[in-house]
Amino acid sequence: MQISLKGRNGVILGVANKRSIAWGCAKSLAREGMRLAFTYVGERMEETVRGLAAECEGSIVLPCDVTKPEEIDSAFASIAKEFGHLDAVVHGVAFARREELQGDFHSLSKEGYMIAHEVSAYSLTAIARRALPLMEGREGSIVTLSYIGGERVIQNYNVMGIAKAALEASVRYLAADLGPRGIRVNAISAGPIRTLSASGVSGFTEMLDNIAEKAPLRRNIKADEVGDTCLFLCSDLSRGITGSTIYVDAGYHIMGV
Ligand code: 1JT
């Protein structure tokens with residue numbers, strides 16, 4: 001068995017800039033020869049994503065706002081036309097309104113709840129459904145990005161915590177559903193990384209320091225470390241793994257207080 005992804009195609013959602021965890025995943029996959037389709041949201045992001053995609057041979061760039069079913073459909077129609085088939089989906093999409101990532105959890109509005117879940121959890125299933133016909137008869141791999149706030153209470157993570165719980169449960173249900181077709185579905189629970197999403201999160205620096213102090217490896221993690229685990233999950237080397245959440249967090253999750 002080889003890690004090589006030559007001749008394989010993947011789609012990657014959630015690259016916003018060069019610090020994105022999804023970009024770390026893209027670089028690892030491209031390094032082993034996977035051809036990639038990048039998606040972006042809104043015109044503001046297009047130029048940045050095109051610039052990054054230019055570093056990955058043979059890649060294409062498509063608009064795809066996961067809250068717009070027509071946009072998902074047309075993105076996958078383009079992928080079908082350009083690539084013919086798909087072997088991997090990397091889902092690195094999440095969103096919550098800033099006011100929902102602080103303060104009292106019980107203040108959570110229905111609107112805030114719905115938006116976070118639509119973008120961060122439901123979208124995995126919405127994307128998987130469109131990817132299915134392109135993965136038919138192939139041993140595909142679907143990978144999503146999660147965070148420990150989906151299983152434990154992490155102060156301020158609030159609505160994203162319950163959205164990540166729904167996301168990780170979706171991974172299990174999709175894995176059971178798609179396993180008979182040879183498609184594997186897994187999540188990577190990444191330690192916190194200073195990305196665009198994390199910017200403006202109050203107390204983020206203190207959180208990084210706290211983890212570097214307590215994690216077994218005594219440091220934070222980098223997006224390329226998540227990328228290499230994503231590569232493993234998209235390669236044949238992980239052929240026996242599905243429905244799992246794998247931690248890339250310097251071991252932080254094993255520690256008690
Ligand atoms: C989103 C944001 C998803 C930040 C995220 C996220 N997953 C991890 N982070 C970083 C983070 C954020 C908070 C936190 C711990 C880590 C921003 C909006 C889009 C979705 O609290 C302790 C708040």
# chains A, B, ... in the order shown; residues from 1 in each chain; ligands from 1
>>> residues_near_ligand(ligand="ligand 1", cutoff="6 Å", atoms="only C-alpha atoms and all ligand atoms", output="PDB file with N, CA and C atoms, in the first residue's frame")
ATOM      1  N   ALA A  94     -16.818  26.104   8.470  1.00  0.00           N
ATOM      2  CA  ALA A  94     -17.518  26.370   9.735  1.00  0.00           C
ATOM      3  C   ALA A  94     -17.832  27.855   9.814  1.00  0.00           C
ATOM      4  N   PHE A  95     -18.938  28.157  10.455  1.00  0.00           N
ATOM      5  CA  PHE A  95     -19.258  29.567  10.690  1.00  0.00           C
ATOM      6  C   PHE A  95     -20.190  29.705  11.883  1.00  0.00           C
ATOM      7  N   ALA A  96     -19.928  30.721  12.668  1.00  0.00           N
ATOM      8  CA  ALA A  96     -20.857  31.131  13.725  1.00  0.00           C
ATOM      9  C   ALA A  96     -20.699  32.634  13.843  1.00  0.00           C
ATOM     10  N   LEU A 101     -19.987  33.411  19.966  1.00  0.00           N
ATOM     11  CA  LEU A 101     -18.775  32.748  20.458  1.00  0.00           C
ATOM     12  C   LEU A 101     -18.241  33.418  21.718  1.00  0.00           C
ATOM     13  N   TYR A 147     -13.316  19.972  16.455  1.00  0.00           N
ATOM     14  CA  TYR A 147     -12.580  20.558  17.581  1.00  0.00           C
ATOM     15  C   TYR A 147     -13.138  19.962  18.869  1.00  0.00           C
ATOM     16  N   ILE A 154     -15.812  23.952  26.349  1.00  0.00           N
ATOM     17  CA  ILE A 154     -14.669  24.854  26.248  1.00  0.00           C
ATOM     18  C   ILE A 154     -15.264  26.258  26.274  1.00  0.00           C
ATOM     19  N   GLN A 155     -14.862  27.031  27.280  1.00  0.00           N
ATOM     20  CA  GLN A 155     -15.461  28.345  27.473  1.00  0.00           C
ATOM     21  C   GLN A 155     -15.462  29.184  26.199  1.00  0.00           C
ATOM     22  N   ASN A 156     -16.574  29.774  25.908  1.00  0.00           N
ATOM     23  CA  ASN A 156     -16.798  30.658  24.745  1.00  0.00           C
ATOM     24  C   ASN A 156     -17.056  29.940  23.425  1.00  0.00           C
ATOM     25  N   TYR A 157     -16.729  28.656  23.345  1.00  0.00           N
ATOM     26  CA  TYR A 157     -16.922  27.968  22.062  1.00  0.00           C
ATOM     27  C   TYR A 157     -18.429  27.816  21.782  1.00  0.00           C
ATOM     28  N   PRO A 192      -6.275  24.013  18.619  1.00  0.00           N
ATOM     29  CA  PRO A 192      -6.485  25.362  18.086  1.00  0.00           C
ATOM     30  C   PRO A 192      -5.271  25.895  17.326  1.00  0.00           C
ATOM     31  N   SER A 197     -10.552  32.217  11.177  1.00  0.00           N
ATOM     32  CA  SER A 197     -11.683  31.926  12.073  1.00  0.00           C
ATOM     33  C   SER A 197     -11.354  32.277  13.518  1.00  0.00           C
ATOM     34  N   ALA A 198     -10.124  31.980  13.918  1.00  0.00           N
ATOM     35  CA  ALA A 198      -9.740  32.181  15.314  1.00  0.00           C
ATOM     36  C   ALA A 198      -9.448  33.646  15.627  1.00  0.00           C
ATOM     37  N   VAL A 201     -11.206  36.012  18.293  1.00  0.00           N
ATOM     38  CA  VAL A 201     -11.746  35.230  19.393  1.00  0.00           C
ATOM     39  C   VAL A 201     -11.014  35.697  20.651  1.00  0.00           C
TER      40      VAL A 201
END
>>> select_by_dssp(residues="stretch 113-161 of chain A", states="alpha helix (DSSP H)", output="PyMOL selection string")
chain A and resi 113-117+123-135+158-161
>>> closest_residue(among="A:Cys230, A:Glu70, A:His253, A:Arg239", to="A:Lys214", atoms="only C-alpha atoms")
A:His253
>>> closest_residue(among="A:Leu5, A:Met207, A:Ala26, A:Ala121", to="A:Val226", atoms="only C-alpha atoms")
A:Ala26
>>> residues_around(residues="A:Val171", least_positions_apart="6", cutoff="8 Å", atoms="only C-alpha atoms", output="PyMOL selection string")
chain A and resi 185-187+243-244
>>> write_last_selection(atoms="all heavy atoms", output="PDB file, in the first residue's frame")
ATOM      1  N   VAL A 185     -15.654   7.816   5.982  1.00  0.00           N
ATOM      2  CA  VAL A 185     -15.940   9.173   6.465  1.00  0.00           C
ATOM      3  C   VAL A 185     -15.303   9.333   7.848  1.00  0.00           C
ATOM      4  O   VAL A 185     -15.589   8.546   8.757  1.00  0.00           O
ATOM      5  CB  VAL A 185     -17.462   9.431   6.573  1.00  0.00           C
ATOM      6  CG1 VAL A 185     -17.749  10.902   6.863  1.00  0.00           C
ATOM      7  CG2 VAL A 185     -18.194   8.996   5.299  1.00  0.00           C
ATOM      8  N   ASN A 186     -14.442  10.308   8.001  1.00  0.00           N
ATOM      9  CA  ASN A 186     -13.753  10.533   9.278  1.00  0.00           C
ATOM     10  C   ASN A 186     -13.610  12.020   9.575  1.00  0.00           C
ATOM     11  O   ASN A 186     -13.714  12.849   8.669  1.00  0.00           O
ATOM     12  CB  ASN A 186     -12.355   9.891   9.233  1.00  0.00           C
ATOM     13  CG  ASN A 186     -12.412   8.389   9.128  1.00  0.00           C
ATOM     14  OD1 ASN A 186     -12.748   7.690  10.090  1.00  0.00           O
ATOM     15  ND2 ASN A 186     -12.110   7.856   7.940  1.00  0.00           N
ATOM     16  N   ALA A 187     -13.345  12.304  10.837  1.00  0.00           N
ATOM     17  CA  ALA A 187     -13.090  13.691  11.252  1.00  0.00           C
ATOM     18  C   ALA A 187     -11.697  13.790  11.861  1.00  0.00           C
ATOM     19  O   ALA A 187     -11.194  12.820  12.433  1.00  0.00           O
ATOM     20  CB  ALA A 187     -14.137  14.140  12.263  1.00  0.00           C
ATOM     21  N   GLY A 243     -15.601   6.402  10.284  1.00  0.00           N
ATOM     22  CA  GLY A 243     -16.458   6.814  11.400  1.00  0.00           C
ATOM     23  C   GLY A 243     -15.687   7.358  12.589  1.00  0.00           C
ATOM     24  O   GLY A 243     -16.266   7.649  13.634  1.00  0.00           O
ATOM     25  N   SER A 244     -14.383   7.522  12.424  1.00  0.00           N
ATOM     26  CA  SER A 244     -13.536   7.937  13.544  1.00  0.00           C
ATOM     27  C   SER A 244     -13.300   9.436  13.596  1.00  0.00           C
ATOM     28  O   SER A 244     -13.344  10.122  12.576  1.00  0.00           O
ATOM     29  CB  SER A 244     -12.159   7.268  13.446  1.00  0.00           C
ATOM     30  OG  SER A 244     -12.265   5.893  13.703  1.00  0.00           O
TER      31      SER A 244
END
>>> residues_around(residues="stretch 85-88 of chain A", least_positions_apart="5", cutoff="9 Å", atoms="only C-alpha atoms", output="number ranges by chain")
A: 8-12, 79-80, 131-136, 138-143, 183, 234
